[in-house]
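Data first, discussion second: the structure below is written as structure tokens.
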Amino acid sequence: MYKPFDLSGRTAVITGGNGGIGMGMAKALLQSGAQVAIWGNRAEKTEKAREELSSLGKVHAFVCDVGDEAAVERTFAQSVEALGGRVDACFANAGVSSKGPTPIFQMSSEEFRRVMRINVEGVFYTFRAAAKHMIDGGHGGSLVATASTAAIEGAARNSHYGASKGAVTSYCRALAVELARYQIRVNSILP
């Protein structure tokens, strides 16, 4: 069991927590004693993840399209309530990539917007809700976004994905400066 430190009594929201990196984050947080709310955009997959994670600790599951501003606001409020009124950490992990290798000259506007909507707007909506909650509560916290090495290395035939992850890393740098006065740490990880 993974338990490098004790997070008993702490709470976290993880978008895209129903699989991959997000589910790994949820497992580690639960094993460290935190209570977790996972978000996913597919009900069946999200519930299955909740069931699997429930053996590790207290986990709540919500269906949310992070590219939908109203849905993020609603789901964040539901998460706060489920977590006992406080969110200590928020992981903006939900993301999408190209549906297949697409050269720039073949990329449609719709495909470009699809990736930006989830990968950039989703982080914005999620972090805005979390930061407001943490500032209003006066308790600080931690915001972590999942970016990618594509943000710095380039992503041939997946340029919109690389651009979106570059935006996320820059956004986190700006928020780290802006939110430090509220004891809110902001980081991006680049797996």
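Labels used: A, B, ... for chains in the order of the structure tokens, numbers from 1 for residues in each chain, and numbers from 1 for ligands as shown.
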Please run DSSP on the backbone and report, as a list in words, all residues within segment 5-34 of chain A that come out as alpha helix (DSSP H).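 Result set for segment 5-34 of chain A (alpha helix (DSSP H)): Gly20, Ile21, Gly22, Met23, Gly24, Met25, Ala26, Lys27, Ala28, Leu29, Leu30 and Gln31 of chain A.
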Fewer than 2 positions away in the same chain doesn't count, so skip those; otherwise give me all residues within 8 Å of segment 89-95 of chain A, counting only C-alpha atoms, as number ranges by chain. A: 11-17, 21-22, 40, 66, 87, 97, 115, 118-119, 122-123, 126-127, 130, 141-146
Looking at A:Met107, A:Gly9, A:Phe62, A:Ile135, which one is nearest to Gly84 of chain A, with distances taken over only C-alpha atoms?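 The answer is A:Gly9, which sits nearest to Gly84 of chain A.
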Within 8 Å of segment 5-8 of chain A, counting only C-alpha atoms, which residues qualify if same-chain residues fewer than 4 places away don't, as a short mmCIF file (atom, residue, chain, number, x, y, z; two decimals) with all heavy atoms, in the first residue's frame?
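Result file result-v7.cif:
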data_model
loop_
_atom_site.label_atom_id
_atom_site.label_comp_id
_atom_site.auth_asym_id
_atom_site.auth_seq_id
_atom_site.Cartn_x
_atom_site.Cartn_y
_atom_site.Cartn_z
N LEU A 29 -4.15 9.17 -3.08
CA LEU A 29 -4.75 10.04 -2.08
C LEU A 29 -5.58 9.24 -1.08
O LEU A 29 -5.51 9.47 0.14
CB LEU A 29 -5.60 11.11 -2.75
CG LEU A 29 -4.83 12.18 -3.50
CD1 LEU A 29 -5.74 12.97 -4.42
CD2 LEU A 29 -4.11 13.12 -2.54
N SER A 32 -3.52 7.37 1.31
CA SER A 32 -2.88 8.27 2.29
C SER A 32 -3.89 8.84 3.28
O SER A 32 -3.54 9.66 4.12
CB SER A 32 -2.16 9.40 1.55
OG SER A 32 -1.10 8.89 0.79
N GLY A 33 -5.16 8.44 3.14
CA GLY A 33 -6.18 8.83 4.12
C GLY A 33 -7.11 9.94 3.70
O GLY A 33 -7.99 10.32 4.46
N ALA A 34 -6.92 10.51 2.51
CA ALA A 34 -7.80 11.60 2.06
C ALA A 34 -9.15 11.05 1.61
O ALA A 34 -9.29 9.88 1.25
CB ALA A 34 -7.15 12.36 0.92
N GLN A 35 -10.14 11.91 1.63
CA GLN A 35 -11.45 11.63 1.05
C GLN A 35 -11.46 12.28 -0.33
O GLN A 35 -10.96 13.40 -0.49
CB GLN A 35 -12.54 12.25 1.95
CG GLN A 35 -13.93 11.95 1.50
CD GLN A 35 -14.99 12.60 2.40
OE1 GLN A 35 -16.13 12.64 2.02
NE2 GLN A 35 -14.63 13.13 3.56
#
Which polymer residues have any atom within 12 Å of an atom of Ser55 of chain A, counting only C-alpha atoms, with same-chain residues fewer than 3 positions away left out, as JSON, numbers by chain? {"A": [26, 27, 30, 31, 49, 50, 51, 52, 58, 59]}
Using DSSP assignments from the backbone, pull out every residue in chain A that falls under strand (DSSP E or B) and give it to me as a ChimeraX atom specification. /A:11-15,35-40,59-63,89-92,141-146,184-189
